[in-house]
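Next comes query_12.txt, a file with compact mmCIF, C-alpha atoms.
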```txt
# COMPACT_ATOMS: atom_id res chain seq x y z
CA MET A 26 8.00 -16.76 -11.16
CA ARG A 27 7.37 -14.96 -14.41
CA HIS A 28 9.94 -12.70 -15.96
CA GLY A 29 9.93 -10.24 -18.83
CA ALA A 30 7.84 -7.39 -20.15
CA GLU A 31 4.58 -8.86 -18.90
CA ASP A 32 5.75 -8.19 -15.32
CA LEU A 33 6.39 -4.50 -15.85
CA PRO A 34 2.84 -3.16 -15.33
CA GLY A 35 2.53 -5.01 -12.01
CA GLN A 36 5.95 -3.87 -10.84
CA ALA A 37 5.21 -0.31 -11.89
CA ALA A 38 1.99 -0.38 -9.88
CA ARG A 39 3.85 -1.76 -6.88
CA ASN A 40 6.50 0.94 -7.13
CA SER A 41 3.82 3.62 -7.36
CA GLN A 42 2.02 2.29 -4.28
CA LEU A 43 5.22 2.21 -2.25
CA ALA A 44 6.19 5.71 -3.36
CA LYS A 45 2.79 7.03 -2.26
CA LEU A 46 3.13 5.18 1.03
CA ARG A 47 6.55 6.66 1.75
CA ALA A 48 5.22 10.15 1.04
CA ALA A 49 2.05 9.65 3.09
CA LYS A 50 1.40 11.65 6.25
CA LEU A 51 -2.31 11.40 7.01
CA TYR A 52 -4.10 8.04 7.21
CA VAL A 53 -7.87 8.10 7.81
CA ILE A 54 -9.92 5.08 8.93
CA THR A 55 -13.64 4.97 8.26
CA PRO A 56 -16.15 4.23 11.06
CA ASP A 57 -18.78 1.51 11.42
CA ALA A 58 -21.47 3.63 9.81
CA ALA A 59 -24.02 3.21 7.04
CA PRO A 60 -22.32 2.63 3.67
CA ASP A 61 -23.39 5.98 2.25
CA ARG A 62 -21.99 7.72 5.33
CA VAL A 63 -18.71 5.82 4.97
CA ILE A 64 -18.47 6.98 1.38
CA ASP A 65 -19.20 10.58 2.36
CA ILE A 66 -16.46 10.52 5.01
CA ALA A 67 -13.92 8.79 2.76
CA THR A 68 -14.43 11.13 -0.17
CA ALA A 69 -14.37 14.18 2.12
CA ALA A 70 -11.08 12.94 3.59
CA GLN A 71 -9.64 12.51 0.11
CA ARG A 72 -10.65 16.06 -0.83
CA GLY A 73 -9.11 17.30 2.40
CA GLY A 74 -5.72 15.79 1.62
CA ALA A 75 -5.70 12.35 3.26
CA ASP A 76 -2.99 10.17 1.73
CA VAL A 77 -4.36 6.81 2.85
CA ILE A 78 -7.97 5.79 3.50
CA GLN A 79 -8.77 2.51 5.22
CA LEU A 80 -12.14 0.80 5.00
CA ARG A 81 -12.70 -0.74 8.42
CA HIS A 82 -16.24 -1.93 9.10
CA LYS A 83 -16.80 -4.68 11.65
CA ALA A 84 -20.58 -4.84 11.30
CA LEU A 85 -21.21 -5.32 7.57
CA PRO A 86 -21.69 -8.83 6.15
CA ARG A 87 -18.82 -9.76 3.85
CA GLY A 88 -20.85 -9.42 0.66
CA GLU A 89 -21.93 -5.90 1.57
CA LEU A 90 -18.38 -5.05 2.63
CA LEU A 91 -17.13 -6.11 -0.80
CA ASP A 92 -19.79 -3.96 -2.47
CA LEU A 93 -18.72 -0.99 -0.34
CA ALA A 94 -15.05 -1.59 -1.11
CA ARG A 95 -15.83 -1.63 -4.83
CA ARG A 96 -17.81 1.60 -4.57
CA LEU A 97 -14.93 3.23 -2.73
CA ARG A 98 -12.45 1.97 -5.32
CA GLU A 99 -14.32 3.94 -7.98
CA LEU A 100 -14.10 7.12 -5.90
CA ILE A 101 -10.77 6.91 -4.08
CA THR A 102 -8.37 7.63 -6.91
CA GLU A 103 -5.82 9.96 -5.30
CA ALA A 104 -5.34 8.37 -1.87
CA LEU A 105 -4.28 4.77 -1.30
CA LEU A 106 -7.28 2.57 -0.49
CA ILE A 107 -6.68 -0.03 2.22
CA VAL A 108 -9.11 -2.75 3.36
CA ASN A 109 -8.94 -3.85 6.96
CA ASP A 110 -8.52 -7.58 7.78
CA HIS A 111 -9.75 -9.17 4.54
CA VAL A 112 -7.15 -10.07 1.91
CA ASP A 113 -9.77 -11.51 -0.43
CA ILE A 114 -11.94 -8.39 -0.34
CA ALA A 115 -8.90 -6.20 -0.94
CA LEU A 116 -8.00 -8.24 -4.01
CA LEU A 117 -11.53 -8.53 -5.38
CA SER A 118 -12.15 -4.79 -5.03
CA HIS A 119 -8.74 -3.88 -6.52
CA ALA A 120 -7.81 -1.95 -3.39
CA ASP A 121 -4.21 -0.85 -2.96
CA GLY A 122 -3.63 -2.80 0.22
CA VAL A 123 -4.77 -4.63 3.31
CA HIS A 124 -4.17 -3.98 7.00
CA LEU A 125 -3.77 -7.06 9.17
CA GLY A 126 -4.28 -7.31 12.91
CA PRO A 127 -2.93 -9.92 15.34
CA ASP A 128 -5.97 -12.16 14.84
CA ASP A 129 -5.81 -12.12 11.04
CA VAL A 130 -3.74 -14.25 8.69
CA THR A 131 0.00 -13.67 8.88
CA VAL A 132 1.68 -11.18 6.60
CA ALA A 133 3.65 -14.01 5.02
CA SER A 134 0.44 -15.90 4.23
CA ALA A 135 -1.18 -12.78 2.82
CA ARG A 136 1.87 -12.17 0.67
CA ASN A 137 1.70 -15.73 -0.65
CA VAL A 138 -1.88 -15.09 -1.76
CA ALA A 139 -1.58 -11.50 -2.96
CA GLY A 140 1.96 -11.47 -4.24
CA GLU A 141 3.05 -7.90 -4.91
CA ARG A 142 -0.44 -6.70 -5.75
CA LEU A 143 -1.17 -5.36 -2.24
CA VAL A 144 0.55 -3.08 0.19
CA ILE A 145 0.37 -4.91 3.53
CA GLY A 146 0.30 -3.13 6.87
CA VAL A 147 0.33 -4.37 10.45
CA SER A 148 -0.37 -3.04 13.92
CA ALA A 149 2.57 -3.19 16.32
CA SER A 150 3.89 -1.41 19.40
CA ARG A 151 7.22 -3.27 19.56
CA VAL A 152 9.95 -3.79 17.00
CA ASP A 153 9.89 -7.57 17.45
CA ALA A 154 6.21 -7.58 16.45
CA VAL A 155 6.89 -6.15 12.98
CA PRO A 156 7.05 -8.95 10.37
CA PRO A 157 9.81 -8.56 7.78
CA GLU A 158 7.25 -8.80 4.96
CA ALA A 159 5.22 -5.78 6.15
CA ASP A 160 5.19 -2.58 4.11
CA TYR A 161 4.10 -0.23 6.91
CA VAL A 162 3.14 -0.17 10.60
CA GLY A 163 0.31 1.36 12.58
CA CYS A 164 1.94 2.02 15.96
CA GLY A 165 0.24 2.85 19.23
CA PRO A 166 -1.75 3.67 21.14
CA ALA A 167 -0.10 7.05 21.08
CA PHE A 168 -2.81 8.30 23.43
CA ALA A 169 -5.70 6.69 25.30
CA THR A 170 -8.59 5.74 23.04
CA PRO A 171 -12.12 4.51 23.81
CA LEU A 172 -11.93 2.15 20.81
CA LYS A 173 -9.29 -0.02 22.52
CA PRO A 174 -9.26 0.90 26.23
CA GLN A 175 -7.54 -2.36 27.17
CA LYS A 176 -4.36 -1.55 25.26
CA GLN A 177 -1.45 -0.06 27.15
CA VAL A 178 -0.59 3.41 25.89
CA ILE A 179 2.99 3.60 24.62
CA GLY A 180 2.85 7.37 24.13
CA PRO A 181 4.49 9.56 21.48
CA GLU A 182 7.91 8.45 22.72
CA GLY A 183 7.07 4.80 22.06
CA VAL A 184 5.95 5.61 18.54
CA ALA A 185 9.09 7.63 17.93
CA ALA A 186 11.27 4.78 19.16
CA LEU A 187 9.70 2.23 16.82
CA SER A 188 9.84 4.68 13.92
CA LYS A 189 13.59 5.00 14.38
CA ALA A 190 14.07 1.24 14.66
CA VAL A 191 12.47 0.17 11.36
CA SER A 192 12.98 1.23 7.76
CA ILE A 193 9.32 1.15 6.69
CA PRO A 194 6.74 3.93 7.26
CA VAL A 195 5.26 4.07 10.77
CA PHE A 196 1.93 5.79 11.42
CA ALA A 197 1.08 6.82 14.96
CA ILE A 198 -2.42 5.71 15.94
CA GLY A 199 -4.67 5.90 18.96
CA GLY A 200 -6.56 8.89 20.33
CA ILE A 201 -4.98 11.37 17.92
CA ASP A 202 -6.82 14.61 17.18
CA GLU A 203 -6.13 18.28 16.62
CA SER A 204 -5.50 18.85 20.33
CA ASN A 205 -2.54 16.48 20.61
CA VAL A 206 -1.05 15.97 17.15
CA GLY A 207 1.47 18.69 18.03
CA LEU A 208 2.92 16.40 20.70
CA LEU A 209 3.77 13.97 17.91
CA THR A 210 5.18 16.48 15.45
CA ALA A 211 7.35 17.90 18.23
CA LEU A 212 9.14 14.53 18.27
CA GLY A 213 9.50 14.48 14.49
CA ILE A 214 6.53 12.16 13.91
CA ARG A 215 4.88 13.24 10.67
CA ARG A 216 2.70 10.20 9.94
CA VAL A 217 -0.54 9.79 11.88
CA CYS A 218 -3.68 7.71 11.63
CA VAL A 219 -7.04 9.03 12.81
CA VAL A 220 -10.60 7.76 13.08
CA ARG A 221 -12.87 9.94 15.20
CA ALA A 222 -10.94 13.17 14.53
CA VAL A 223 -12.31 13.07 10.97
CA ALA A 224 -15.33 10.75 11.14
CA ASP A 225 -16.97 12.58 14.07
CA ALA A 226 -16.14 16.07 12.86
CA PRO A 227 -19.01 18.33 11.74
CA ASP A 228 -17.06 18.91 8.52
CA PRO A 229 -14.77 15.92 7.78
CA GLU A 230 -13.13 17.62 4.83
CA GLN A 231 -12.10 20.68 6.81
CA ALA A 232 -10.99 18.53 9.76
CA THR A 233 -8.76 16.61 7.35
CA ARG A 234 -7.34 19.84 5.93
CA ARG A 235 -6.49 21.13 9.40
CA LEU A 236 -4.76 17.90 10.42
CA ARG A 237 -2.83 17.77 7.19
CA ALA A 238 -1.69 21.37 7.64
CA MET A 239 -0.45 20.54 11.15
CA LEU A 240 1.55 17.61 9.78
CA ASP A 241 2.96 19.71 6.96
CA SER A 242 4.04 22.57 9.20
CA GLU A 243 7.68 22.70 10.23
```

Can the structure in the file be given as structure tokens, please?
Amino acid sequence: MRHGAEDLPGQAARNSQLAKLRAAKLYVITPDAAPDRVIDIATAAQRGGADVIQLRHKALPRGELLDLARRLRELITEALLIVNDHVDIALLSHADGVHLGPDDVTVASARNVAGERLVIGVSASRVDAVPPEADYVGCGPAFATPLKPQKQVIGPEGVAALSKAVSIPVFAIGGIDESNVGLLTALGIRRVCVVRAVADAPDPEQATRRLRAMLDSE
């Protein structure tokens, strides 16, 4: 391990990422759409006040996914940019982080490769499924969702319980939109993750603004 002044820029970047993560409320995931459409949605979400934007695209070949991640990196300068699944693409595109699912490499393995350069998130619905090396959790499903109909809904109460049990940020995910986000905020949950609520909206920027206002309201 290196020590000294040469480590300071990396540590400063890490501290900045974690500070942004702790302050984050609205996390937007992009859809499996054409790259230009993904960019339009991501930049609209950033303008609307999204704190975290995740590039999740299951259909693009890896080379094209890397190109898209690099294009987004040039444009996403205020929100944290997270790449889904792929540690190498996150590193090569200079994204802020990577989100790992149960079928991906372990958080410990990702940390061995990335060191402190990436924020690392996981999906979990139980406390015992949260690795100690994780920086944040996507917790759900908070509500039923057509994207993962096989998953058992844990509800807002389940998200609230996990949020209280861990010391890292927990973002509710699954079927969240403007019609039900109030059920989460009523339990003190102020961090949510959305996909269709922004991506399928006629005006993604305004949809983001409305969601953010609901999370900000007391």

Which residues of range 46-115 of chain A have any atom within 10 Å of an atom in range 153-167 of chain A when counting all atoms listed in the file, and what is the closest pair of atoms for each, with the distance in Å to one decimal? Order the rows by chain and rising number and write it as JSON lines.
```
{"residue": "A:Leu46", "atom": "CA", "partner": "A:Tyr161", "partner_atom": "CA", "distance": 8.0}
{"residue": "A:Arg47", "atom": "CA", "partner": "A:Tyr161", "partner_atom": "CA", "distance": 8.9}
{"residue": "A:Tyr52", "atom": "CA", "partner": "A:Gly163", "partner_atom": "CA", "distance": 9.6}
```

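Among the candidate residues A:Glu141, A:Glu182, A:Asp241, A:Asp228, the one lying nearest to Leu212 in chain A is A:Glu182, with distances computed using all atoms listed in the file.
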
What's around range 80-93 of chain A at 12 Å? Count all atoms listed in the file, leave out sequence neighbours fewer than 2 positions away in its own chain, and write the answer as a PyMOL selection string. chain A and resi 52-68+77-78+95-101+105-126+220

In Å, with one decimal, what is the gap from CA of Val152 in chain A to CA of Ala49 in chain A?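 Between CA of Val152 in chain A and CA of Ala49 in chain A the gap is 20.9 Å.
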
Counting all atoms listed in the file, figure out which residue out of A:Asp202, A:Val138, A:Leu240, A:Gln42 gets nearest to Asp225 in chain A.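 Ranked by minimum distance to Asp225 in chain A, first place goes to A:Asp202.
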
One decimal, Å: what's the distance from CA of Arg216 in chain A over to CA of Phe196 in chain A, could you say?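 About the pair CA of Arg216 in chain A and CA of Phe196 in chain A: they are 4.7 Å apart.
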
Looking at A:Ala238, A:Ala197, A:Ala37, A:Val217, which one is nearest to Val178 in chain A, with distances taken over all atoms listed in the file? A:Ala197

I'd like the interatomic distance between CA of Leu51 in chain A and CA of Arg237 in chain A, to a tenth of an Å.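 If I compute the distance from CA of Leu51 in chain A to CA of Arg237 in chain A, I get 6.4 Å.
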
Find the residue from A:Gly207, A:Gly213, A:Pro127, A:Gly73 that sits nearest to Glu230 in chain A; use all atoms listed in the file when measuring.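 Closest to Glu230 in chain A, using all atoms listed in the file: A:Gly73.
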